[in-house]
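Engineer: What follows is the file structure-v3.pdb, containing PDB, C-alpha atoms:
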ATOM      1  CA  MET A   1       0.000   0.000   0.000
ATOM      2  CA  GLN A   2       1.352   3.428  -0.976
ATOM      3  CA  THR A   3       1.877   5.898   1.877
ATOM      4  CA  PHE A   4       4.050   8.866   2.867
ATOM      5  CA  GLU A   5       5.296  10.134   6.207
ATOM      6  CA  ASN A   6       3.612  13.182   7.726
ATOM      7  CA  ASP A   7       6.690  14.295   9.663
ATOM      8  CA  LYS A   8       8.841  14.441   6.526
ATOM      9  CA  ALA A   9       6.413  16.290   4.274
ATOM     10  CA  GLY A  10       6.293  19.870   5.578
ATOM     11  CA  ALA A  11       8.359  21.052   2.620
ATOM     12  CA  ILE A  12       5.327  20.468   0.393
ATOM     13  CA  VAL A  13       3.908  23.721   1.764
ATOM     14  CA  LEU A  14       7.082  25.612   0.807
ATOM     15  CA  SER A  15       6.708  24.337  -2.770
ATOM     16  CA  LEU A  16       3.081  25.367  -2.680
ATOM     17  CA  ALA A  17       4.063  28.893  -1.635
ATOM     18  CA  ASP A  18       6.574  29.040  -4.497
ATOM     19  CA  ARG A  19       3.879  28.140  -7.049
ATOM     20  CA  ILE A  20       1.435  30.746  -5.735
ATOM     21  CA  ILE A  21       4.096  33.459  -5.696
ATOM     22  CA  GLU A  22       5.125  32.508  -9.264
ATOM     23  CA  ASN A  23       1.503  32.945 -10.357
ATOM     24  CA  ARG A  24       0.871  36.209  -8.490
ATOM     25  CA  ALA A  25       0.594  38.386 -11.601
ATOM     26  CA  TYR A  26      -1.451  35.792 -13.511
ATOM     27  CA  LEU A  27      -3.977  35.363 -10.692
ATOM     28  CA  SER A  28      -4.380  39.108 -10.279
ATOM     29  CA  GLU A  29      -4.784  39.539 -14.043
ATOM     30  CA  ILE A  30      -7.622  36.996 -14.097
ATOM     31  CA  ASP A  31      -9.208  38.534 -11.024
ATOM     32  CA  GLY A  32      -8.984  42.004 -12.527
ATOM     33  CA  LYS A  33     -11.301  41.016 -15.373
ATOM     34  CA  ILE A  34     -14.307  40.331 -13.148
ATOM     35  CA  GLY A  35     -13.173  41.096  -9.588
ATOM     36  CA  ASP A  36     -10.986  43.379  -7.503
ATOM     37  CA  GLY A  37      -7.736  42.382  -9.191
ATOM     38  CA  ASP A  38      -6.000  41.678  -5.895
ATOM     39  CA  HIS A  39      -6.287  37.890  -5.655
ATOM     40  CA  GLY A  40      -2.725  37.137  -6.720
ATOM     41  CA  VAL A  41      -1.248  39.891  -4.554
ATOM     42  CA  ASN A  42      -3.131  38.791  -1.445
ATOM     43  CA  MET A  43      -2.419  35.118  -1.994
ATOM     44  CA  ALA A  44       1.284  35.702  -2.640
ATOM     45  CA  LYS A  45       1.497  37.846   0.489
ATOM     46  CA  GLY A  46      -0.110  35.200   2.688
ATOM     47  CA  PHE A  47       1.761  32.226   1.272
ATOM     48  CA  GLY A  48       5.008  34.203   1.388
ATOM     49  CA  LEU A  49       4.526  35.079   5.056
ATOM     50  CA  ALA A  50       3.836  31.436   5.872
ATOM     51  CA  ALA A  51       6.895  30.295   3.916
ATOM     52  CA  ASP A  52       9.104  32.763   5.796
ATOM     53  CA  ARG A  53       7.972  31.187   9.077
ATOM     54  CA  LEU A  54       8.566  27.651   7.845
ATOM     55  CA  LYS A  55      11.935  28.029   6.132
ATOM     56  CA  GLY A  56      14.744  26.276   7.957
ATOM     57  CA  LYS A  57      12.354  24.324  10.165
ATOM     58  CA  ASP A  58      11.797  20.583  10.033
ATOM     59  CA  THR A  59       7.987  20.520  10.216
ATOM     60  CA  SER A  60       5.408  17.883   9.496
ATOM     61  CA  LEU A  61       2.835  18.404   6.779
ATOM     62  CA  ALA A  62       0.200  18.959   9.472
ATOM     63  CA  GLU A  63       2.293  21.625  11.209
ATOM     64  CA  ALA A  64       3.117  23.400   7.953
ATOM     65  CA  LEU A  65      -0.533  23.422   6.859
ATOM     66  CA  GLU A  66      -1.555  24.802  10.253
ATOM     67  CA  THR A  67       0.940  27.653   9.924
ATOM     68  CA  LEU A  68      -0.317  28.443   6.417
ATOM     69  CA  GLY A  69      -3.970  28.296   7.398
ATOM     70  CA  THR A  70      -3.481  30.555  10.404
ATOM     71  CA  VAL A  71      -1.609  33.172   8.368
ATOM     72  CA  LEU A  72      -4.242  33.195   5.627
ATOM     73  CA  MET A  73      -7.063  33.496   8.130
ATOM     74  CA  THR A  74      -5.561  36.289  10.184
ATOM     75  CA  GLU A  75      -3.129  38.272   8.053
ATOM     76  CA  ILE A  76      -4.427  38.714   4.497
ATOM     77  CA  GLY A  77      -7.397  40.590   3.171
ATOM     78  CA  GLY A  78     -10.024  39.761   0.619
ATOM     79  CA  SER A  79     -12.596  37.000   0.602
ATOM     80  CA  MET A  80     -10.142  34.199  -0.099
ATOM     81  CA  GLY A  81      -8.084  34.543   3.072
ATOM     82  CA  PRO A  82     -10.779  33.114   5.348
ATOM     83  CA  LEU A  83     -11.832  30.463   2.816
ATOM     84  CA  TYR A  84      -8.359  29.105   2.232
ATOM     85  CA  GLY A  85      -7.467  29.687   5.871
ATOM     86  CA  VAL A  86     -10.265  27.396   6.968
ATOM     87  CA  MET A  87      -9.441  24.842   4.283
ATOM     88  CA  PHE A  88      -5.790  24.533   5.295
ATOM     89  CA  THR A  89      -6.569  24.590   9.006
ATOM     90  CA  GLU A  90      -9.040  21.755   8.513
ATOM     91  CA  PHE A  91      -6.454  19.863   6.447
ATOM     92  CA  ALA A  92      -3.984  20.292   9.308
ATOM     93  CA  GLU A  93      -6.371  19.259  12.076
ATOM     94  CA  ASN A  94      -7.315  16.151  10.161
ATOM     95  CA  LEU A  95      -3.686  15.093   9.733
ATOM     96  CA  ASP A  96      -2.606  15.972  13.270
ATOM     97  CA  GLY A  97      -1.349  12.823  14.988
ATOM     98  CA  VAL A  98      -1.407  10.782  11.770
ATOM     99  CA  ALA A  99       2.106   9.389  11.347
ATOM    100  CA  THR A 100       1.671   7.652   7.997
ATOM    101  CA  ILE A 101      -0.649   9.159   5.399
ATOM    102  CA  ASP A 102      -2.417   6.680   3.139
ATOM    103  CA  ALA A 103      -5.141   7.283   0.568
ATOM    104  CA  ALA A 104      -7.891   7.030   3.181
ATOM    105  CA  ALA A 105      -6.218   9.656   5.387
ATOM    106  CA  TYR A 106      -5.692  11.916   2.370
ATOM    107  CA  SER A 107      -9.372  11.591   1.475
ATOM    108  CA  ARG A 108     -10.419  12.491   5.017
ATOM    109  CA  MET A 109      -8.156  15.539   4.831
ATOM    110  CA  LEU A 110      -9.715  16.646   1.533
ATOM    111  CA  HIS A 111     -13.252  16.210   2.828
ATOM    112  CA  ALA A 112     -12.484  18.144   6.016
ATOM    113  CA  GLY A 113     -11.136  21.043   3.964
ATOM    114  CA  LEU A 114     -14.111  20.988   1.613
ATOM    115  CA  LYS A 115     -16.542  20.936   4.518
ATOM    116  CA  GLY A 116     -14.720  23.881   6.087
ATOM    117  CA  VAL A 117     -14.992  25.951   2.914
ATOM    118  CA  GLN A 118     -18.669  25.089   2.523
ATOM    119  CA  SER A 119     -19.366  26.027   6.147
ATOM    120  CA  ILE A 120     -18.494  29.701   5.650
ATOM    121  CA  GLY A 121     -20.120  30.405   2.311
ATOM    122  CA  ALA A 122     -23.272  29.757   0.340
ATOM    123  CA  ALA A 123     -21.527  28.854  -2.905
ATOM    124  CA  LYS A 124     -22.128  25.577  -4.710
ATOM    125  CA  VAL A 125     -20.779  23.907  -7.823
ATOM    126  CA  GLY A 126     -21.777  25.950 -10.866
ATOM    127  CA  ASP A 127     -21.531  29.343  -9.130
ATOM    128  CA  LYS A 128     -18.075  30.103 -10.616
ATOM    129  CA  THR A 129     -15.988  29.753  -7.440
ATOM    130  CA  LEU A 130     -13.172  27.595  -6.089
ATOM    131  CA  LEU A 131     -15.776  24.888  -5.400
ATOM    132  CA  ASP A 132     -15.941  24.254  -9.137
ATOM    133  CA  THR A 133     -12.366  23.013  -8.779
ATOM    134  CA  LEU A 134     -12.412  21.521  -5.281
ATOM    135  CA  VAL A 135     -15.589  19.411  -5.399
ATOM    136  CA  PRO A 136     -14.847  17.491  -8.623
ATOM    137  CA  ALA A 137     -11.237  17.001  -7.514
ATOM    138  CA  VAL A 138     -12.298  15.366  -4.245
ATOM    139  CA  ASP A 139     -14.909  13.292  -6.051
ATOM    140  CA  ALA A 140     -12.342  12.112  -8.613
ATOM    141  CA  PHE A 141      -9.883  11.082  -5.902
ATOM    142  CA  ASP A 142     -12.541   9.093  -4.066
ATOM    143  CA  GLY A 143     -13.796   7.572  -7.296
ATOM    144  CA  ALA A 144     -10.328   6.372  -8.256
ATOM    145  CA  ILE A 145      -9.762   4.788  -4.849
ATOM    146  CA  ALA A 146     -13.200   3.148  -4.943
ATOM    147  CA  ALA A 147     -12.287   1.710  -8.352
ATOM    148  CA  GLY A 148      -9.252   0.043  -6.819
ATOM    149  CA  LYS A 149      -6.625   2.383  -8.225
ATOM    150  CA  PRO A 150      -3.446   3.060  -6.214
ATOM    151  CA  PHE A 151      -2.838   6.279  -4.284
ATOM    152  CA  ALA A 152      -0.603   7.722  -7.030
ATOM    153  CA  ALA A 153      -3.220   7.164  -9.731
ATOM    154  CA  ALA A 154      -5.897   8.711  -7.527
ATOM    155  CA  LEU A 155      -3.717  11.806  -7.099
ATOM    156  CA  ASP A 156      -3.372  12.017 -10.888
ATOM    157  CA  ALA A 157      -7.160  11.779 -11.227
ATOM    158  CA  LEU A 158      -7.575  14.532  -8.637
ATOM    159  CA  VAL A 159      -5.268  16.888 -10.549
ATOM    160  CA  ALA A 160      -6.985  16.202 -13.880
ATOM    161  CA  ALA A 161     -10.417  16.847 -12.354
ATOM    162  CA  ALA A 162      -9.206  20.014 -10.609
ATOM    163  CA  GLU A 163      -7.909  21.430 -13.888
ATOM    164  CA  ALA A 164     -11.081  20.467 -15.745
ATOM    165  CA  GLY A 165     -13.102  22.115 -12.973
ATOM    166  CA  ARG A 166     -11.022  25.268 -13.259
ATOM    167  CA  ASP A 167     -11.566  25.342 -17.028
ATOM    168  CA  SER A 168     -15.318  24.839 -16.582
ATOM    169  CA  THR A 169     -15.563  28.274 -14.968
ATOM    170  CA  LEU A 170     -14.919  29.869 -18.365
ATOM    171  CA  ASN A 171     -18.480  28.969 -19.338
ATOM    172  CA  LEU A 172     -20.154  29.867 -16.052
ATOM    173  CA  VAL A 173     -21.914  33.038 -14.940
ATOM    174  CA  ALA A 174     -20.731  34.211 -11.532
ATOM    175  CA  LYS A 175     -23.381  33.806  -8.835
ATOM    176  CA  ILE A 176     -21.342  34.757  -5.761
ATOM    177  CA  GLY A 177     -19.196  37.751  -4.801
ATOM    178  CA  ARG A 178     -18.220  40.888  -6.670
ATOM    179  CA  ALA A 179     -18.209  39.185 -10.077
ATOM    180  CA  SER A 180     -21.895  38.258  -9.678
ATOM    181  CA  ARG A 181     -22.830  41.891 -10.367
ATOM    182  CA  LEU A 182     -21.554  41.494 -13.915
ATOM    183  CA  GLY A 183     -24.050  38.782 -14.819
ATOM    184  CA  GLU A 184     -23.474  37.474 -18.352
ATOM    185  CA  ARG A 185     -20.368  39.653 -18.679
ATOM    186  CA  SER A 186     -18.567  37.237 -16.353
ATOM    187  CA  LEU A 187     -18.716  34.579 -19.087
ATOM    188  CA  GLY A 188     -15.501  33.729 -20.910
ATOM    189  CA  VAL A 189     -13.182  34.429 -17.965
ATOM    190  CA  LEU A 190     -11.659  31.898 -15.588
ATOM    191  CA  ASP A 191     -12.533  32.327 -11.935
ATOM    192  CA  ALA A 192      -9.449  33.375  -9.971
ATOM    193  CA  GLY A 193     -10.352  31.277  -6.924
ATOM    194  CA  ALA A 194     -10.944  28.189  -9.047
ATOM    195  CA  THR A 195      -7.600  28.827 -10.737
ATOM    196  CA  SER A 196      -5.620  29.224  -7.513
ATOM    197  CA  CYS A 197      -7.370  26.159  -6.089
ATOM    198  CA  ALA A 198      -6.203  24.091  -9.067
ATOM    199  CA  ILE A 199      -2.629  25.283  -8.483
ATOM    200  CA  ILE A 200      -2.891  24.378  -4.787
ATOM    201  CA  LEU A 201      -4.361  20.920  -5.359
ATOM    202  CA  LYS A 202      -1.831  20.102  -8.065
ATOM    203  CA  GLU A 203       1.162  21.112  -5.953
ATOM    204  CA  LEU A 204      -0.135  19.242  -2.899
ATOM    205  CA  SER A 205      -0.680  16.165  -5.034
ATOM    206  CA  LEU A 206       2.713  16.354  -6.724
ATOM    207  CA  GLY A 207       4.368  16.699  -3.325
ATOM    208  CA  ALA A 208       2.497  13.727  -1.918
ATOM    209  CA  ARG A 209       3.084  11.636  -5.041
ATOM    210  CA  ALA A 210       6.847  12.271  -4.967
ATOM    211  CA  ARG A 211       6.997  10.958  -1.394
ATOM    212  CA  LEU A 212       4.957   7.791  -1.835
ATOM    213  CA  ALA A 213       6.634   4.555  -0.853
TER     214      ALA A 213
END
Starting from the coordinates I provided, produce the structure as structure tokens.

Structural biologist:
Amino acid sequence: MQTFENDKAGAIVLSLADRIIENRAYLSEIDGKIGDGDHGVNMAKGFGLAADRLKGKDTSLAEALETLGTVLMTEIGGSMGPLYGVMFTEFAENLDGVATIDAAAYSRMLHAGLKGVQSIGAAKVGDKTLLDTLVPAVDAFDGAIAAGKPFAAALDALVAAAEAGRDSTLNLVAKIGRASRLGERSLGVLDAGATSCAIILKELSLGARARLA
């Protein structure tokens, strides 16, 4: 059975911060088309602050996710700080005390994060939000495991579904947040939250996949 060690995986969060910071301008450009235009700036600020606190420390994945979630919840503005803050904090709480992470533990982590996001907003799939990425990604991971596929293959399925979910927001009308005021004019633009969520899920999955034994 494929697994990876929690206590050796904190560096995944540093890689995650690198990817978000790399995409700062892109995320803000997307957001600027139908939103405030500050998504990339705020995300890069929060992830950068968390990375600064983690660098040089030998942390577990749970500890690193807790640091990230707390920073996002308390130190960055915008609507995404609390949403991602809750998601990462729930990820962390679910992995706390879990020495060896298998596919079942990873699924529980994903579901806890999803439930956290859903608990603080009214959005649902089809509303042009990060849930259009997160929900199908979690479903794809669970579906692959239920079909008897190994952990690595389930992570691949998660990433593919996350990216397809992100792309689906091109053809959706925003129902939630600032972009919802634009109505049909929000068509033809990717949702910034769905896009950053796809980046996050891909980097988490790549980090986990690289550590599987």

Engineer: For this file, the PyMOL selection byres ((chain A and resi 133) around 12) selects which residues, as an MDAnalysis selection string?

Structural biologist: chainID A and resid 114 124:132 134:140 158:169 190:202

Engineer: Could you list the residues chosen by the PyMOL selection byres ((chain A and resi 96) around 10) in this structure as a PyMOL selection string?

Structural biologist: chain A and resi 6+60-63+66+90-95+97-99

Engineer: Name the residues that the PyMOL selection byres ((chain A and resi 69-79) around 12) picks from the file above, as a tab-separated table (two decimals) with C-alpha atoms, in the frame of the given file, using the file's chain letters and numbers.

Structural biologist:
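Full text of expr_37.tsv as output:
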chain	number	residue	atom	x	y	z
A	13	VAL	CA	3.91	23.72	1.76
A	17	ALA	CA	4.06	28.89	-1.64
A	31	ASP	CA	-9.21	38.53	-11.02
A	35	GLY	CA	-13.17	41.10	-9.59
A	36	ASP	CA	-10.99	43.38	-7.50
A	37	GLY	CA	-7.74	42.38	-9.19
A	38	ASP	CA	-6.00	41.68	-5.90
A	39	HIS	CA	-6.29	37.89	-5.66
A	40	GLY	CA	-2.72	37.14	-6.72
A	41	VAL	CA	-1.25	39.89	-4.55
A	42	ASN	CA	-3.13	38.79	-1.44
A	43	MET	CA	-2.42	35.12	-1.99
A	44	ALA	CA	1.28	35.70	-2.64
A	45	LYS	CA	1.50	37.85	0.49
A	46	GLY	CA	-0.11	35.20	2.69
A	47	PHE	CA	1.76	32.23	1.27
A	48	GLY	CA	5.01	34.20	1.39
A	49	LEU	CA	4.53	35.08	5.06
A	50	ALA	CA	3.84	31.44	5.87
A	51	ALA	CA	6.90	30.30	3.92
A	52	ASP	CA	9.10	32.76	5.80
A	53	ARG	CA	7.97	31.19	9.08
A	54	LEU	CA	8.57	27.65	7.84
A	62	ALA	CA	0.20	18.96	9.47
A	63	GLU	CA	2.29	21.62	11.21
A	64	ALA	CA	3.12	23.40	7.95
A	65	LEU	CA	-0.53	23.42	6.86
A	66	GLU	CA	-1.56	24.80	10.25
A	67	THR	CA	0.94	27.65	9.92
A	68	LEU	CA	-0.32	28.44	6.42
A	80	MET	CA	-10.14	34.20	-0.10
A	81	GLY	CA	-8.08	34.54	3.07
A	82	PRO	CA	-10.78	33.11	5.35
A	83	LEU	CA	-11.83	30.46	2.82
A	84	TYR	CA	-8.36	29.10	2.23
A	85	GLY	CA	-7.47	29.69	5.87
A	86	VAL	CA	-10.26	27.40	6.97
A	87	MET	CA	-9.44	24.84	4.28
A	88	PHE	CA	-5.79	24.53	5.30
A	89	THR	CA	-6.57	24.59	9.01
A	90	GLU	CA	-9.04	21.76	8.51
A	91	PHE	CA	-6.45	19.86	6.45
A	92	ALA	CA	-3.98	20.29	9.31
A	93	GLU	CA	-6.37	19.26	12.08
A	113	GLY	CA	-11.14	21.04	3.96
A	116	GLY	CA	-14.72	23.88	6.09
A	117	VAL	CA	-14.99	25.95	2.91
A	120	ILE	CA	-18.49	29.70	5.65
A	121	GLY	CA	-20.12	30.40	2.31
A	129	THR	CA	-15.99	29.75	-7.44
A	130	LEU	CA	-13.17	27.60	-6.09
A	176	ILE	CA	-21.34	34.76	-5.76
A	177	GLY	CA	-19.20	37.75	-4.80
A	178	ARG	CA	-18.22	40.89	-6.67
A	192	ALA	CA	-9.45	33.38	-9.97
A	193	GLY	CA	-10.35	31.28	-6.92

Engineer: Figure out the distance between atom CA of Ser107 of chain A and atom CA of Gly56 of chain A, please, to one decimal in Å.

Structural biologist: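 Answer for the atom CA of Gly56 of chain A to atom CA of Ser107 of chain A separation: 29.0 Å.
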
Engineer: Taking only C-alpha atoms into account, which of A:Asp7, A:Glu22, A:Asp142, A:Asp156 comes nearest Thr59 of chain A?

Structural biologist: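 For Thr59 of chain A, the nearest of the given residues is A:Asp7.
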
Engineer: Have a look at atom CA of Ile34 of chain A and atom CA of Ile21 of chain A and let me know their distance in Å, one decimal.

Structural biologist: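 Distance between the two atoms: 21.0 Å.
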
Engineer: Any idea what the distance is between atom CA of Arg211 of chain A and atom CA of Asp58 of chain A?

Structural biologist: 15.7 Å

Engineer: Counting all atoms listed in the file, figure out which residue out of A:Ala174, A:Ile101, A:Ala153, A:Ile145 gets nearest to Ala9 of chain A.

Structural biologist: A:Ile101

Engineer: Just checking: using only C-alpha atoms, which residue out of A:Ala154, A:Ala146, A:Ala208, A:Ala213 ends up closest to Gly10 of chain A?

Structural biologist: A:Ala208

Engineer: Find, counting all atoms listed in the file, the residue in A:Lys8, A:Arg108, A:Lys55, A:Lys33 that gets nearest to Phe141 of chain A.

Structural biologist: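 For Phe141 of chain A, the nearest of the candidates is A:Arg108.
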